[in-house]
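Structure file target_39.txt with compact mmCIF, C-alpha atoms:
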```txt
# COMPACT_ATOMS: atom_id res chain seq x y z
CA MET A 1 63.13 31.85 -15.15
CA SER A 2 61.75 31.67 -18.68
CA ILE A 3 58.42 33.23 -19.70
CA ARG A 4 57.14 29.73 -20.46
CA SER A 5 57.88 28.62 -16.88
CA LEU A 6 56.25 31.75 -15.49
CA ILE A 7 53.08 31.11 -17.51
CA ALA A 8 53.03 27.50 -16.35
CA ILE A 9 53.30 28.55 -12.70
CA CYS A 10 50.52 31.15 -13.10
CA THR A 11 48.27 28.62 -14.83
CA ALA A 12 48.86 26.06 -12.10
CA THR A 13 48.11 28.64 -9.42
CA LEU A 14 44.85 29.60 -11.12
CA LEU A 15 43.84 25.95 -11.50
CA LEU A 16 44.51 25.29 -7.82
CA ALA A 17 42.49 28.36 -6.86
CA PHE A 18 39.50 27.21 -8.93
CA ALA A 19 39.82 23.62 -7.72
CA GLY A 20 39.48 24.85 -4.16
CA GLU A 21 36.49 27.01 -4.97
CA SER A 22 33.94 24.21 -4.66
CA LEU A 23 34.84 23.78 -1.01
CA ALA A 24 35.54 27.45 -0.27
CA ALA A 25 32.09 28.57 -1.45
CA SER A 26 29.09 28.58 0.88
CA PRO A 27 28.24 25.14 2.28
CA CYS A 28 26.32 22.98 -0.13
CA CYS A 29 24.97 20.55 2.35
CA GLY A 30 23.62 19.94 5.83
CA ILE A 31 24.01 17.07 8.24
CA VAL A 32 20.88 14.95 8.56
CA SER A 33 22.06 12.33 11.03
CA VAL A 34 25.14 11.35 13.01
CA ALA A 35 25.66 7.72 13.98
CA PRO A 36 27.93 6.67 16.85
CA SER A 37 29.79 4.45 14.37
CA GLY A 38 31.10 7.58 12.64
CA ALA A 39 28.75 7.31 9.65
CA VAL A 40 27.30 10.74 9.00
CA THR A 41 24.45 11.36 6.57
CA ALA A 42 24.15 14.76 4.92
CA ARG A 43 21.88 16.27 2.31
CA GLU A 44 22.82 18.45 -0.64
CA THR A 45 20.47 21.45 -0.38
CA ALA A 46 20.20 22.11 -4.12
CA THR A 47 19.21 18.61 -5.18
CA GLY A 48 17.96 17.00 -2.01
CA ARG A 49 20.15 13.95 -2.55
CA THR A 50 21.73 12.43 0.52
CA PHE A 51 25.18 11.00 0.95
CA GLU A 52 27.15 9.38 3.72
CA PHE A 53 30.63 10.22 4.87
CA GLN A 54 32.77 8.51 7.45
CA VAL A 55 34.33 10.41 10.34
CA ALA A 56 37.24 8.49 11.83
CA ASP A 57 38.20 11.16 14.40
CA ARG A 58 36.01 10.52 17.45
CA ARG A 59 36.63 14.00 18.85
CA LEU A 60 35.53 15.59 15.61
CA LEU A 61 32.50 13.28 15.46
CA SER A 62 31.39 14.42 18.91
CA THR A 63 31.26 18.04 17.70
CA LEU A 64 28.98 17.36 14.71
CA LYS A 65 25.30 18.24 14.97
CA VAL A 66 22.23 17.58 12.87
CA GLY A 67 21.61 20.62 10.67
CA GLN A 68 25.27 21.70 10.67
CA PRO A 69 26.38 22.96 7.24
CA VAL A 70 29.18 21.01 5.54
CA HIS A 71 31.10 21.31 2.29
CA ALA A 72 31.22 18.36 -0.07
CA ASP A 73 33.21 17.85 -3.22
CA PHE A 74 31.66 15.01 -5.23
CA LYS A 75 34.61 14.91 -7.62
CA THR A 76 37.21 14.18 -4.98
CA MET A 77 34.57 12.55 -2.71
CA ARG A 78 35.82 14.61 0.24
CA VAL A 79 33.94 16.54 2.92
CA SER A 80 34.97 19.51 5.01
CA VAL A 81 33.12 20.41 8.18
CA GLN A 82 34.99 23.72 8.56
CA PRO A 83 32.90 26.90 7.98
CA ASP A 84 35.23 27.99 5.18
CA GLY A 85 35.42 24.56 3.61
CA ALA A 86 39.11 24.19 4.35
CA GLU A 87 40.91 21.01 5.41
CA PRO A 88 38.63 18.25 4.16
CA CYS A 89 38.42 15.70 6.94
CA CYS A 90 36.45 12.83 5.61
CA ASN A 91 35.67 10.60 2.68
CA ILE A 92 32.24 10.28 1.10
CA VAL A 93 31.44 6.57 1.23
CA SER A 94 28.09 6.54 -0.54
CA VAL A 95 25.77 8.82 -2.45
CA ALA A 96 22.07 8.08 -2.77
CA PRO A 97 21.48 6.72 -6.26
CA ASN A 98 18.47 8.92 -6.79
CA ALA A 99 18.69 12.66 -6.65
CA THR A 100 15.65 14.56 -5.48
CA ALA A 101 12.58 12.78 -6.72
CA PRO A 102 9.16 14.09 -5.83
CA VAL A 103 6.83 11.55 -4.26
CA SER A 104 4.41 12.28 -7.03
CA ALA A 105 3.20 15.19 -9.05
CA VAL A 106 0.43 15.78 -6.54
CA ALA A 107 2.70 15.59 -3.49
CA PRO A 108 5.24 18.38 -3.87
CA CYS A 109 5.63 18.58 -0.12
CA CYS A 110 8.48 16.15 -0.05
CA ALA A 111 11.37 14.44 -1.70
CA VAL A 112 12.01 10.73 -1.36
CA VAL A 113 15.55 9.39 -1.42
CA ALA A 114 16.90 5.92 -0.77
CA ASN A 115 18.45 5.25 2.62
CA ALA A 116 20.65 2.18 2.57
CA SER A 117 20.81 2.00 6.36
CA LEU A 118 17.13 1.07 6.62
CA ARG A 119 15.22 -2.08 5.61
CA ARG A 120 11.55 -2.34 6.55
CA LEU A 121 11.38 1.08 8.18
CA GLY A 122 11.39 4.41 6.40
CA ARG A 123 11.95 7.88 7.76
CA ILE A 124 10.39 11.30 7.76
CA VAL A 125 13.21 13.82 7.79
CA VAL A 126 12.91 17.50 8.65
CA ALA A 127 16.07 19.60 8.27
CA TYR A 128 16.04 23.39 8.35
CA PRO A 129 18.59 25.66 6.68
CA GLU A 130 19.45 27.08 10.11
CA GLU A 131 19.06 25.84 13.65
CA VAL A 132 15.54 26.36 14.96
CA ALA A 133 13.51 24.66 17.67
CA ALA A 134 10.31 24.34 15.67
CA ARG A 135 7.88 21.71 16.91
CA ILE A 136 7.10 18.70 14.73
CA ASP A 137 4.16 16.38 15.32
CA VAL A 138 3.59 13.19 13.36
CA PHE A 139 0.07 11.76 13.08
CA ARG A 140 -1.49 8.76 11.46
CA ALA A 141 -3.17 10.15 8.36
CA GLY A 142 -6.32 12.01 9.30
CA GLU A 143 -5.93 11.55 13.05
CA THR A 144 -5.49 14.21 15.72
CA LYS A 145 -3.40 12.40 18.32
CA ALA A 146 0.32 12.63 17.59
CA ILE A 147 2.30 9.39 17.51
CA ALA A 148 5.63 11.23 17.69
CA THR A 149 6.71 14.73 18.65
CA ASP A 150 10.07 16.47 18.60
CA TYR A 151 11.77 19.81 17.97
CA GLY A 152 14.24 21.17 15.44
CA ASP A 153 16.03 19.03 12.86
CA LYS A 154 14.72 15.51 13.29
CA ALA A 155 14.38 12.13 11.60
CA PHE A 156 11.45 9.91 12.60
CA ASP A 157 11.76 6.18 11.91
CA LEU A 158 8.34 4.88 10.91
CA LEU A 159 6.61 1.90 9.37
CA PRO A 160 5.67 2.37 5.72
CA GLY A 161 2.39 4.18 5.27
CA THR A 162 0.84 7.60 5.02
CA TYR A 163 1.15 10.17 7.76
CA ASP A 164 0.27 13.78 8.46
CA VAL A 165 3.02 16.01 9.79
CA SER A 166 2.54 19.30 11.58
CA ILE A 167 5.45 21.75 11.57
CA SER A 168 5.04 24.81 13.78
CA GLY A 169 1.33 24.07 13.66
CA LYS A 170 1.07 23.93 9.86
CA ARG A 171 -0.11 20.52 8.77
CA VAL A 172 1.31 18.65 5.79
CA ALA A 173 -1.18 15.92 4.91
CA GLY A 174 -0.53 12.66 3.09
CA VAL A 175 3.20 12.28 3.67
CA THR A 176 4.16 8.88 2.33
CA VAL A 177 6.82 6.76 4.01
CA GLN A 178 8.42 3.95 2.03
CA SER A 179 10.61 1.15 3.34
CA GLY A 180 14.30 1.93 3.02
CA HIS A 181 13.69 5.56 2.05
CA ASP A 182 13.85 8.99 3.60
CA THR A 183 10.90 11.25 2.96
CA GLN A 184 12.36 14.72 3.30
CA ILE A 185 9.73 17.33 4.01
CA LYS A 186 10.54 20.55 2.22
CA VAL A 187 10.87 23.24 4.83
CA GLY A 188 12.23 26.74 5.16
CA LEU A 189 12.46 29.43 7.78
CA LEU A 190 10.51 32.62 8.35
CA ARG A 191 12.56 35.21 10.20
CA VAL A 192 10.35 37.99 11.55
CA ASN A 193 12.32 41.10 12.39
CA ALA A 194 10.10 42.85 14.92
CA SER A 195 10.61 44.83 18.08
CA GLU A 196 10.42 43.15 21.47
CA GLY A 197 6.82 42.86 22.55
CA THR A 198 5.35 42.96 19.06
CA ARG A 199 2.86 40.15 18.73
CA ILE A 200 3.17 37.99 15.62
CA ASP A 201 0.49 35.54 14.53
CA LEU A 202 0.94 33.06 11.73
CA ALA A 203 -2.18 31.86 9.97
CA ASP A 204 -3.13 29.51 7.17
CA PRO A 205 -3.89 31.80 4.20
CA GLY A 206 -6.74 29.57 3.09
CA SER A 207 -8.63 28.75 6.26
CA LYS A 208 -7.31 31.78 8.19
CA GLU A 209 -6.79 29.36 11.07
CA ARG A 210 -4.04 30.50 13.45
CA ILE A 211 -1.07 28.14 13.45
CA ALA A 212 1.49 29.88 15.68
CA SER A 213 1.98 32.99 17.77
CA ASP A 214 4.91 34.70 19.43
CA TYR A 215 6.40 38.05 20.40
CA GLY A 216 9.36 40.07 19.13
CA PRO A 217 12.06 38.88 16.73
CA GLN A 218 11.39 35.23 15.95
CA VAL A 219 12.40 32.45 13.60
CA PHE A 220 9.70 29.97 12.59
CA GLY A 221 10.42 26.65 10.89
CA LEU A 222 7.64 25.98 8.37
CA PRO A 223 6.72 23.73 5.45
CA ILE A 224 7.02 25.33 2.03
CA GLY A 225 4.14 27.39 0.73
CA GLU A 226 2.25 30.49 1.74
CA VAL A 227 1.71 31.56 5.30
CA GLY A 228 -0.11 34.60 6.60
CA VAL A 229 1.78 36.90 8.97
CA GLU A 230 -0.57 38.98 11.11
CA ILE A 231 0.71 41.98 13.03
CA ALA A 232 -1.61 44.46 14.75
CA GLY A 233 -4.59 43.10 12.88
CA GLN A 234 -3.00 43.43 9.43
CA THR A 235 -2.11 40.27 7.49
CA GLU A 236 0.39 39.78 4.73
CA ASN A 237 1.11 36.50 3.01
CA VAL A 238 4.68 35.35 2.52
CA VAL A 239 6.07 32.33 0.70
CA ILE A 240 8.30 29.83 2.47
CA GLU A 241 10.78 28.21 0.10
CA ALA A 242 12.66 24.95 0.52
CA GLY A 243 15.98 25.42 2.26
CA GLN A 244 15.60 29.20 2.31
CA VAL A 245 15.24 31.82 5.02
CA THR A 246 12.44 34.27 4.26
CA GLU A 247 13.06 37.61 5.90
CA PHE A 248 10.02 39.58 7.07
CA MET B 1 -5.82 -7.96 8.36
CA LEU B 2 -5.76 -10.58 5.59
CA SER B 3 -5.79 -7.93 2.92
CA SER B 4 -2.77 -9.22 1.03
CA PRO B 5 -1.53 -12.66 -0.05
CA ARG B 6 1.64 -12.03 2.00
CA ARG B 7 -0.32 -11.47 5.18
CA LEU B 8 -2.45 -14.53 4.45
CA ALA B 9 0.66 -16.64 3.93
CA LEU B 10 2.20 -15.34 7.15
CA SER B 11 -1.00 -16.09 9.04
CA ILE B 12 -1.03 -19.66 7.73
CA LEU B 13 2.60 -20.05 8.75
CA THR B 14 1.75 -18.75 12.22
CA LEU B 15 -1.08 -21.22 12.59
CA ALA B 16 1.17 -24.03 11.43
CA GLY B 17 3.85 -22.91 13.89
CA ALA B 18 1.38 -22.76 16.74
CA LEU B 19 0.05 -26.26 15.96
CA ALA B 20 3.58 -27.59 15.77
CA ALA B 21 4.52 -25.93 19.06
CA ALA B 22 1.48 -27.45 20.71
CA HIS B 23 2.87 -30.87 19.88
CA CYS B 24 6.14 -30.36 21.73
CA GLN B 25 4.81 -32.72 24.36
CA ARG B 26 5.61 -35.61 22.02
CA ASP B 27 9.27 -35.29 23.08
CA ALA B 28 8.76 -37.97 25.68
CA ASP B 29 8.33 -40.63 23.03
CA ALA B 30 10.85 -39.26 20.58
CA PRO B 31 12.94 -41.81 18.72
CA ALA B 32 16.69 -42.00 19.15
CA ALA B 33 17.33 -40.51 15.70
CA ARG B 34 16.81 -36.79 14.93
CA ALA B 35 13.19 -35.82 15.54
CA ASP B 36 11.41 -32.76 14.21
CA LEU B 37 9.02 -31.52 16.87
CA GLY B 38 7.92 -28.13 15.59
CA CYS B 39 9.40 -25.92 18.26
CA CYS B 40 12.46 -28.11 18.62
CA GLU B 41 14.75 -30.67 17.11
CA VAL B 42 15.96 -33.64 19.17
CA THR B 43 19.22 -35.38 18.32
CA PRO B 44 21.23 -38.04 20.15
CA ASN B 45 24.29 -36.85 22.05
CA SER B 46 26.35 -39.68 23.52
CA ALA B 47 28.86 -37.29 25.05
CA LEU B 48 26.47 -36.21 27.80
CA GLY B 49 26.80 -37.26 31.40
CA ALA B 50 24.94 -40.34 32.55
CA GLY B 51 21.19 -39.80 32.50
CA MET B 52 21.42 -36.16 31.39
CA GLY B 53 20.04 -34.31 28.37
CA ARG B 54 20.42 -30.78 27.09
CA ILE B 55 18.40 -27.82 25.88
CA VAL B 56 20.43 -26.02 23.22
CA VAL B 57 19.86 -22.57 21.77
CA SER B 58 22.13 -21.16 19.08
CA TYR B 59 21.41 -17.88 17.31
CA PRO B 60 22.41 -17.25 13.69
CA GLY B 61 24.46 -14.23 12.68
CA GLY B 62 27.38 -14.47 15.06
CA ASP B 63 27.23 -12.70 18.40
CA GLY B 64 24.68 -10.08 17.32
CA ALA B 65 21.93 -11.51 19.49
CA GLY B 66 24.25 -12.10 22.42
CA SER B 67 22.11 -10.01 24.73
CA THR B 68 19.06 -12.22 24.22
CA ARG B 69 17.95 -13.66 27.53
CA LEU B 70 16.84 -17.25 28.00
CA ASP B 71 14.96 -18.38 31.10
CA LEU B 72 14.28 -21.98 32.02
CA PHE B 73 11.25 -22.96 34.11
CA ALA B 74 9.78 -26.17 35.42
CA ALA B 75 6.86 -26.98 33.10
CA GLY B 76 3.78 -24.98 34.03
CA ASN B 77 5.60 -22.93 36.66
CA ALA B 78 6.17 -19.42 35.36
CA SER B 79 6.96 -17.87 38.73
CA LYS B 80 10.62 -18.66 39.20
CA ALA B 81 13.29 -19.44 36.64
CA ILE B 82 15.49 -22.47 37.32
CA GLU B 83 18.26 -20.98 35.23
CA SER B 84 18.92 -17.91 33.08
CA LYS B 85 21.43 -17.31 30.29
CA TYR B 86 22.29 -14.65 27.69
CA GLY B 87 23.16 -15.47 24.11
CA ASP B 88 23.89 -19.00 22.90
CA ALA B 89 23.15 -21.58 25.59
CA ALA B 90 23.48 -25.31 26.24
CA LEU B 91 21.79 -26.27 29.51
CA GLU B 92 22.49 -29.78 30.82
CA LEU B 93 19.36 -31.02 32.55
CA ALA B 94 17.70 -34.03 34.03
CA PRO B 95 15.18 -35.61 31.66
CA GLY B 96 11.73 -34.08 31.89
CA THR B 97 9.60 -31.30 30.51
CA TYR B 98 10.45 -27.62 30.81
CA ASP B 99 9.15 -24.25 29.73
CA VAL B 100 11.65 -21.88 28.17
CA THR B 101 11.42 -18.17 27.35
CA VAL B 102 13.65 -16.91 24.58
CA GLY B 103 13.78 -13.14 24.10
CA GLY B 104 10.64 -12.90 26.24
CA ARG B 105 8.60 -15.38 24.21
CA ARG B 106 7.56 -18.62 25.91
CA VAL B 107 8.11 -22.04 24.40
CA ALA B 108 6.03 -24.45 26.47
CA SER B 109 6.62 -28.11 27.20
CA VAL B 110 10.10 -28.60 25.87
CA GLY B 111 11.04 -32.23 26.42
CA VAL B 112 14.52 -33.28 27.53
CA GLN B 113 15.63 -36.88 27.10
CA ALA B 114 18.66 -38.61 28.48
CA ALA B 115 21.60 -38.61 26.05
CA HIS B 116 19.84 -36.20 23.68
CA ASP B 117 20.05 -32.53 22.73
CA THR B 118 16.77 -30.65 22.35
CA ARG B 119 17.57 -27.71 20.13
CA ILE B 120 15.00 -24.93 20.27
CA ARG B 121 14.40 -23.48 16.83
CA VAL B 122 15.35 -19.82 16.95
CA GLY B 123 16.16 -17.01 14.58
CA VAL B 124 17.17 -13.40 14.85
CA LEU B 125 15.22 -10.24 14.13
CA TYR B 126 17.68 -7.57 13.01
CA VAL B 127 16.01 -4.17 13.37
CA HIS B 128 17.64 -1.33 11.43
CA ALA B 129 16.58 1.91 13.03
CA THR B 130 18.04 5.27 13.94
CA ASP B 131 19.48 5.68 17.43
CA GLY B 132 16.75 6.75 19.79
CA THR B 133 13.94 5.03 17.90
CA ARG B 134 12.06 2.84 20.36
CA ILE B 135 11.20 -0.64 19.17
CA ASP B 136 8.73 -2.90 20.99
CA LEU B 137 8.33 -6.55 20.16
CA VAL B 138 4.91 -7.95 20.94
CA GLU B 139 2.80 -11.06 20.52
CA PRO B 140 0.85 -10.52 17.31
CA ALA B 141 -2.27 -12.11 18.76
CA ASP B 142 -2.77 -10.10 21.93
CA GLY B 143 -0.12 -7.38 21.86
CA ALA B 144 1.60 -8.73 24.99
CA LYS B 145 5.06 -7.17 25.23
CA LEU B 146 8.04 -9.48 24.66
CA ALA B 147 11.02 -7.14 24.48
CA SER B 148 11.97 -3.51 23.90
CA GLY B 149 15.03 -1.71 22.63
CA TYR B 150 16.30 1.41 20.92
CA GLY B 151 17.90 1.89 17.52
CA GLU B 152 19.74 -0.78 15.62
CA LYS B 153 19.58 -4.07 17.50
CA GLN B 154 19.37 -7.83 17.04
CA TYR B 155 16.74 -9.82 18.94
CA GLY B 156 16.91 -13.60 19.32
CA LEU B 157 13.45 -15.20 19.19
CA PRO B 158 11.77 -18.58 18.76
CA VAL B 159 10.41 -19.26 15.29
CA GLY B 160 7.06 -17.77 14.35
CA LEU B 161 5.52 -14.38 13.82
CA VAL B 162 6.39 -11.46 16.04
CA GLY B 163 4.78 -8.02 16.17
CA VAL B 164 7.08 -5.02 15.80
CA GLU B 165 5.80 -1.70 17.11
CA VAL B 166 7.31 1.63 16.07
CA ALA B 167 5.71 4.92 17.10
CA GLY B 168 2.52 3.12 18.03
CA GLN B 169 2.23 1.41 14.65
CA ARG B 170 2.51 -2.36 14.41
CA ASP B 171 3.84 -4.64 11.71
CA THR B 172 4.75 -8.33 11.79
CA ALA B 173 7.94 -10.16 10.99
CA LEU B 174 8.48 -13.87 10.51
CA ILE B 175 11.28 -15.46 12.51
CA GLU B 176 12.72 -18.51 10.78
CA ASP B 177 14.95 -21.23 12.14
CA GLY B 178 18.62 -20.37 11.78
CA LYS B 179 17.95 -17.19 9.81
CA VAL B 180 18.38 -13.48 10.39
CA THR B 181 15.24 -11.55 9.47
CA GLU B 182 16.14 -8.02 8.41
CA PHE B 183 13.61 -5.38 9.43
```
As structure tokens, please, write out the structure in this file.
Amino acid sequence: MSIRSLIAICTATLLLAFAGESLAASPCCGIVSVAPSGAVTARETATGRTFEFQVADRRLLSTLKVGQPVHADFKTMRVSVQPDGAEPCCNIVSVAPNATAPVSAVAPCCAVVANASLRRLGRIVVAYPEEVAARIDVFRAGETKAIATDYGDKAFDLLPGTYDVSISGKRVAGVTVQSGHDTQIKVGLLRVNASEGTRIDLADPGSKERIASDYGPQVFGLPIGEVGVEIAGQTENVVIEAGQVTEF
Amino acid sequence: MLSSPRRLALSILTLAGALAAAHCQRDADAPAARADLGCCEVTPNSALGAGMGRIVVSYPGGDGAGSTRLDLFAAGNASKAIESKYGDAALELAPGTYDVTVGGRRVASVGVQAAHDTRIRVGVLYVHATDGTRIDLVEPADGAKLASGYGEKQYGLPVGLVGVEVAGQRDTALIEDGKVTEF
């Protein structure tokens, strides 16, 4: 074998290794919804843009869950649902034309992206970086009686308008829903590493109002921003970041 | 609720539809040629059996609204349906006046003439929603429930405005003859 051939083989090997890197790295995206038709919507964590991929294998489809991390390669338009990003299973059939676009400069709570599967309705979407059973309440703006309640990763179909959304007791006011769009509320997780029996209270740093309480090691799903963590009468503020797990 | 020109226009259309529907009774004197009677259209059909007429309902958009129920009543008698059908229907009937519910909404005083088809004007409301989202269709005027369903579904309905409730919020959609209204 000539040196030229050897170099060519090495180069090809390196290229293949780098080509696979995009899928082998940590998952870029999370599943937002799974339709019985096999159409699966996922969101790219870094940009907030959503895309749809088609799962033809019914058995595989039945194993997919909202919030599950997936790997996507937007060059080859392929998706892998394996933890290591191996064996892409499915083709990306559409990518939302708009990447993350804030609702407005004064509403950094959320990102609004087009959703081609909707017409008159819009959606409020809550998707955490890890599975958590955090409670979500949706209110008409300014009202106190919830019109919808659910837990964990969830998408609420709603008529266009303005709503308030409470996540683990922390209220996000003025969430706008537009026809044919997803309004993705920016959320993260707070993981409190505490001994069994240790009481943890979460409070609004501004009003000091208590928003949630629990005991021992806990994971709280929360909207982005500051939250006060009170333990044994001492309070420390922590920042919840979009798509991130804040360790405490 | 007349805050926008669109709502005003829809309200005017509703009123016009209601007035037209109220004149369905004129079927009895309908001419032999095609007659436009608001709720319905009457056309001659010489292929029918002696002395019989038909009520015809045909939904646009293929078989999507195939689960839409139609009930036929003697005029003014809402207690017991004479006949029930799902999807497109052609009911051969003795001449007279009938009440018909299409997708839960009542069309009163539908006239049937011998050797004629009375086609009820219907359209389809195609609701695009995520699985598990409850949709209620209601009368816009009084909120009376017409039909309910979950997720993506097509509802056959007589022409006119219909209220659509999602998570306790209500909007209206206009059902037009032979058209699929996307929602």
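Contacts from chain A to chain B at a cut-off of 9 Å (only C-alpha atoms) map to Ser33, Ala35, Pro36, Ser117, Leu118, Arg119, Arg120, Leu121, Gly122, Arg140, Ile147, Ala148, Ala155, Phe156, Asp157, Leu158 and Leu159 of chain A.
The gap separating atom CA of Phe73 of chain B from atom CA of Val42 of chain B is 19.0 Å, in Å to one decimal.
Taking atom CA of Val138 of chain B and atom CA of Gln154 of chain B as endpoints, the distance between them is 15.0 Å.
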Find the smallest box with edges along x, y and z containing every listed atom of segment 79-85 of chain B, then add 6 Å on each side and report centre and edge lengths in Å to one decimal, as JSON.
```
{"center_x": 14.2, "center_y": -19.9, "center_z": 34.7, "size_x": 26.5, "size_y": 17.2, "size_z": 20.9}
```
Residue among A:Lys75, A:Lys65, A:Arg210, A:Arg49 lying closest to Val113 of chain A, counting all atoms listed in the file:
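Under the stated criterion, the closest residue is A:Arg49.
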In terms of the shortest atom-to-atom distance over only C-alpha atoms, which of B:Arg119, B:Arg69, B:Lys85, B:Arg54 is closest to Gly178 of chain B?
B:Arg119
Separation of atom CA of Thr101 of chain B from atom CA of Ser67 of chain B in Å:
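A separation of 13.7 Å between them.
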Using only C-alpha atoms, which residue out of A:Val177, A:Val245, A:Val70, A:Leu60 lies closest to Gln82 of chain A?
A:Val70
Show me, as a PDB file with C-alpha atoms, in the coordinates of the input, the residues that have an atom within 8 Å of segment 127-137 of chain A when counting only C-alpha atoms, minus same-chain residues fewer than 4 positions from it.
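The resulting file, out01.pdb, is shown below:
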```pdb
ATOM      1  CA  GLY A  30      23.620  19.940   5.830  1.00  0.00           C
ATOM      2  CA  VAL A  32      20.880  14.950   8.560  1.00  0.00           C
ATOM      3  CA  VAL A  66      22.230  17.580  12.870  1.00  0.00           C
ATOM      4  CA  GLY A  67      21.610  20.620  10.670  1.00  0.00           C
ATOM      5  CA  GLN A  68      25.270  21.700  10.670  1.00  0.00           C
ATOM      6  CA  ALA A 146       0.320  12.630  17.590  1.00  0.00           C
ATOM      7  CA  ILE A 147       2.300   9.390  17.510  1.00  0.00           C
ATOM      8  CA  ALA A 148       5.630  11.230  17.690  1.00  0.00           C
ATOM      9  CA  THR A 149       6.710  14.730  18.650  1.00  0.00           C
ATOM     10  CA  ASP A 150      10.070  16.470  18.600  1.00  0.00           C
ATOM     11  CA  TYR A 151      11.770  19.810  17.970  1.00  0.00           C
ATOM     12  CA  GLY A 152      14.240  21.170  15.440  1.00  0.00           C
ATOM     13  CA  ASP A 153      16.030  19.030  12.860  1.00  0.00           C
ATOM     14  CA  LYS A 154      14.720  15.510  13.290  1.00  0.00           C
ATOM     15  CA  VAL A 165       3.020  16.010   9.790  1.00  0.00           C
ATOM     16  CA  SER A 166       2.540  19.300  11.580  1.00  0.00           C
ATOM     17  CA  ILE A 167       5.450  21.750  11.570  1.00  0.00           C
ATOM     18  CA  SER A 168       5.040  24.810  13.780  1.00  0.00           C
ATOM     19  CA  GLY A 169       1.330  24.070  13.660  1.00  0.00           C
ATOM     20  CA  GLN A 184      12.360  14.720   3.300  1.00  0.00           C
ATOM     21  CA  ILE A 185       9.730  17.330   4.010  1.00  0.00           C
ATOM     22  CA  VAL A 187      10.870  23.240   4.830  1.00  0.00           C
ATOM     23  CA  GLY A 188      12.230  26.740   5.160  1.00  0.00           C
ATOM     24  CA  LEU A 189      12.460  29.430   7.780  1.00  0.00           C
ATOM     25  CA  VAL A 219      12.400  32.450  13.600  1.00  0.00           C
ATOM     26  CA  PHE A 220       9.700  29.970  12.590  1.00  0.00           C
ATOM     27  CA  GLY A 221      10.420  26.650  10.890  1.00  0.00           C
ATOM     28  CA  LEU A 222       7.640  25.980   8.370  1.00  0.00           C
ATOM     29  CA  GLY A 243      15.980  25.420   2.260  1.00  0.00           C
ATOM     30  CA  GLN A 244      15.600  29.200   2.310  1.00  0.00           C
ATOM     31  CA  VAL A 245      15.240  31.820   5.020  1.00  0.00           C
TER      32      VAL A 245
END
```
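The smallest atom-to-atom distance between Ala56 of chain A and any of A:Val239, A:Val79, A:Cys90, A:Cys28, using only C-alpha atoms, is found for A:Cys90.
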Since the input has fewer atoms than a full residue there, write segment 94-105 of chain B out with N, CA and C atoms, as an mmCIF file, keeping the file's coordinate frame.
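out_9.cif, written as the output of this step:
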```cif
data_model
loop_
_atom_site.group_PDB
_atom_site.id
_atom_site.type_symbol
_atom_site.label_atom_id
_atom_site.label_comp_id
_atom_site.auth_asym_id
_atom_site.auth_seq_id
_atom_site.Cartn_x
_atom_site.Cartn_y
_atom_site.Cartn_z
ATOM 1 N N ALA B 94 18.283 -32.703 33.822
ATOM 2 C CA ALA B 94 17.700 -34.030 34.030
ATOM 3 C C ALA B 94 16.529 -34.201 33.060
ATOM 4 N N PRO B 95 16.297 -35.408 32.592
ATOM 5 C CA PRO B 95 15.180 -35.610 31.660
ATOM 6 C C PRO B 95 13.866 -35.122 32.272
ATOM 7 N N GLY B 96 13.004 -34.609 31.420
ATOM 8 C CA GLY B 96 11.730 -34.080 31.890
ATOM 9 C C GLY B 96 11.175 -33.079 30.912
ATOM 10 N N THR B 97 10.215 -32.319 31.374
ATOM 11 C CA THR B 97 9.600 -31.300 30.510
ATOM 12 C C THR B 97 9.776 -29.924 31.146
ATOM 13 N N TYR B 98 10.149 -28.973 30.324
ATOM 14 C CA TYR B 98 10.450 -27.620 30.810
ATOM 15 C C TYR B 98 9.732 -26.590 29.940
ATOM 16 N N ASP B 99 9.562 -25.412 30.528
ATOM 17 C CA ASP B 99 9.150 -24.250 29.730
ATOM 18 C C ASP B 99 10.370 -23.341 29.589
ATOM 19 N N VAL B 100 10.482 -22.734 28.428
ATOM 20 C CA VAL B 100 11.650 -21.880 28.170
ATOM 21 C C VAL B 100 11.153 -20.562 27.572
ATOM 22 N N THR B 101 11.670 -19.444 28.056
ATOM 23 C CA THR B 101 11.420 -18.170 27.350
ATOM 24 C C THR B 101 12.697 -17.750 26.645
ATOM 25 N N VAL B 102 12.527 -17.387 25.393
ATOM 26 C CA VAL B 102 13.650 -16.910 24.580
ATOM 27 C C VAL B 102 13.301 -15.512 24.092
ATOM 28 N N GLY B 103 14.073 -14.525 24.488
ATOM 29 C CA GLY B 103 13.780 -13.140 24.100
ATOM 30 C C GLY B 103 12.398 -12.705 24.560
ATOM 31 N N GLY B 104 11.940 -13.275 25.681
ATOM 32 C CA GLY B 104 10.640 -12.900 26.240
ATOM 33 C C GLY B 104 9.482 -13.738 25.761
ATOM 34 N N ARG B 105 9.705 -14.550 24.737
ATOM 35 C CA ARG B 105 8.600 -15.380 24.210
ATOM 36 C C ARG B 105 8.708 -16.799 24.772
#
```
